[in-house]
Amino acid sequence: MERISVSLPRPLLEKFDRVLKEKGYLSRSEGIRDSIRSYMAEHSLLSRLEGEISGIVSLIYNHEEHSTSEELTDIQHEFSSIIQSSIHIHLDERHCLEAVVVRGEGSKVREFVNRAGRSRGVRGVKLAANVSEVPE
Ligand code: NI
């Protein structure tokens with residue numbers, strides 16, 4: 001086992017600890033290992049996207065931080081060939097949820113998800129994807 005040290009904002013750590021308690025974890029390390037495994041599984045799913053897909057990318061961000069809104073708008077313009085529509089919801093005074101409907105080549109969708117997820121104010125990015133063919 002390797003030992004690492006990580007810096008986290010206190011509120012995030014407190015929330016994480018509450019989740020661990022709810023789930024019955026006995027050690028923080030085990031919870032962090034499982035979180036990393038989930039993160040990797042999600043990445044692996046995303047990295048295997050291919051062919052024509054359709055889906056919804058949801059992004060949660062703090063619009064007061066680092067001009068995130070402007071950055072996300074720029075990125076969406078850049079990926080306009082796969083973006084069909086988007087809905088913006090103001091969650092509270094600071095946080096926004098953007099649901100972006102995408103349709104196009106899997107690799108392009110992956111590129112969009114990764115780019116949008118790297119924007120500094122973005123707290124979470126999720127892709128719910130389907131193949132574009134209508135199911136039998
Ligand atoms: Ni908003």
# chains A, B, ... in the order shown; residues from 1 in each chain; ligands from 1
>>> closest_atom_pairs(of="chain A", to="ligand 1", cutoff="12 Å", atoms="only C-alpha atoms and all ligand atoms", output="CSV")
residue,atom,partner,partner_atom_place_in_ligand_line,distance
A:Leu59,CA,ligand 1,1 (Ni),11.3
A:Ile60,CA,ligand 1,1 (Ni),9.6
A:Tyr61,CA,ligand 1,1 (Ni),8.7
A:Asn62,CA,ligand 1,1 (Ni),8.3
A:His63,CA,ligand 1,1 (Ni),6.6
A:Glu64,CA,ligand 1,1 (Ni),9.7
A:Thr68,CA,ligand 1,1 (Ni),10.9
A:Ser69,CA,ligand 1,1 (Ni),8.4
A:Glu70,CA,ligand 1,1 (Ni),11.8
A:Ile87,CA,ligand 1,1 (Ni),10.1
A:His88,CA,ligand 1,1 (Ni),6.3
A:Ile89,CA,ligand 1,1 (Ni),5.7
A:His90,CA,ligand 1,1 (Ni),3.8
A:Leu91,CA,ligand 1,1 (Ni),6.9
A:Asp92,CA,ligand 1,1 (Ni),7.9
A:Glu93,CA,ligand 1,1 (Ni),8.0
A:Arg94,CA,ligand 1,1 (Ni),7.2
A:His95,CA,ligand 1,1 (Ni),6.2
A:Cys96,CA,ligand 1,1 (Ni),4.2
A:Leu97,CA,ligand 1,1 (Ni),6.9
A:Glu98,CA,ligand 1,1 (Ni),8.2
A:Ala99,CA,ligand 1,1 (Ni),11.6
>>> residues_around(residues="Leu72 in chain A", least_positions_apart="5", cutoff="9 Å", atoms="only C-alpha atoms", output="list of chain:residue names")
A:Ser67, A:His77, A:Ala116, A:Ser119
>>> closest_residue(among="A:Glu50, A:Glu30, A:Glu71, A:Glu65", to="Lys108 in chain A", atoms="only C-alpha atoms")
A:Glu50
>>> atom_distance(atom1="CA of His66 in chain A", atom2="CA of Val125 in chain A")
17.0 Å
>>> select_by_dssp(residues="chain A", states="strand (DSSP E)", output="PyMOL selection string")
chain A and resi 52-62+83-90+95-105+122-131
>>> select_by_dssp(residues="range 18-97 of chain A", states="alpha helix (DSSP H)", output="number ranges by chain")
A: 18-23, 28-47, 68-78
>>> residues_around(residues="Ile56 in chain A", least_positions_apart="3", cutoff="7 Å", atoms="only C-alpha atoms", output="PyMOL selection string")
chain A and resi 99-102+127-129
>>> write_last_selection(atoms="N, CA, C and O atoms", output="PDB file, in the first residue's frame")
ATOM      1  N   ALA A  99     -28.234  21.079 -18.124  1.00  0.00           N
ATOM      2  CA  ALA A  99     -28.470  19.775 -18.750  1.00  0.00           C
ATOM      3  C   ALA A  99     -28.313  19.969 -20.252  1.00  0.00           C
ATOM      4  O   ALA A  99     -29.059  20.731 -20.862  1.00  0.00           O
ATOM      5  N   VAL A 100     -27.310  19.329 -20.814  1.00  0.00           N
ATOM      6  CA  VAL A 100     -26.986  19.515 -22.227  1.00  0.00           C
ATOM      7  C   VAL A 100     -27.337  18.232 -22.978  1.00  0.00           C
ATOM      8  O   VAL A 100     -26.838  17.157 -22.650  1.00  0.00           O
ATOM      9  N   VAL A 101     -28.212  18.355 -23.967  1.00  0.00           N
ATOM     10  CA  VAL A 101     -28.606  17.188 -24.758  1.00  0.00           C
ATOM     11  C   VAL A 101     -27.622  17.050 -25.922  1.00  0.00           C
ATOM     12  O   VAL A 101     -27.448  17.985 -26.704  1.00  0.00           O
ATOM     13  N   VAL A 102     -26.973  15.899 -25.981  1.00  0.00           N
ATOM     14  CA  VAL A 102     -25.965  15.688 -27.018  1.00  0.00           C
ATOM     15  C   VAL A 102     -26.369  14.540 -27.938  1.00  0.00           C
ATOM     16  O   VAL A 102     -27.078  13.610 -27.531  1.00  0.00           O
ATOM     17  N   LEU A 127     -22.773  11.885 -17.434  1.00  0.00           N
ATOM     18  CA  LEU A 127     -23.328  11.596 -18.748  1.00  0.00           C
ATOM     19  C   LEU A 127     -24.283  10.417 -18.636  1.00  0.00           C
ATOM     20  O   LEU A 127     -23.924   9.372 -18.105  1.00  0.00           O
ATOM     21  N   ALA A 128     -25.504  10.627 -19.080  1.00  0.00           N
ATOM     22  CA  ALA A 128     -26.446   9.518 -19.220  1.00  0.00           C
ATOM     23  C   ALA A 128     -26.580   9.313 -20.720  1.00  0.00           C
ATOM     24  O   ALA A 128     -27.091  10.187 -21.417  1.00  0.00           O
ATOM     25  N   ALA A 129     -26.055   8.200 -21.215  1.00  0.00           N
ATOM     26  CA  ALA A 129     -25.988   8.030 -22.664  1.00  0.00           C
ATOM     27  C   ALA A 129     -26.756   6.815 -23.152  1.00  0.00           C
ATOM     28  O   ALA A 129     -26.929   5.839 -22.437  1.00  0.00           O
TER      29      ALA A 129
END
>>> atom_distance(atom1="CA of Arg115 in chain A", atom2="CA of Val19 in chain A")
28.3 Å
>>> atom_distance(atom1="CA of Met1 in chain A", atom2="CA of Ile32 in chain A")
13.4 Å
>>> closest_residue(among="A:Gly117, A:Gly104, A:Gly24, A:Gly31", to="Phe79 in chain A", atoms="only C-alpha atoms")
A:Gly104
>>> residues_around(residues="Leu20 in chain A", least_positions_apart="4", cutoff="12 Å", atoms="only C-alpha atoms", output="MDAnalysis selection string")
chainID A and resid 13:16 24:35
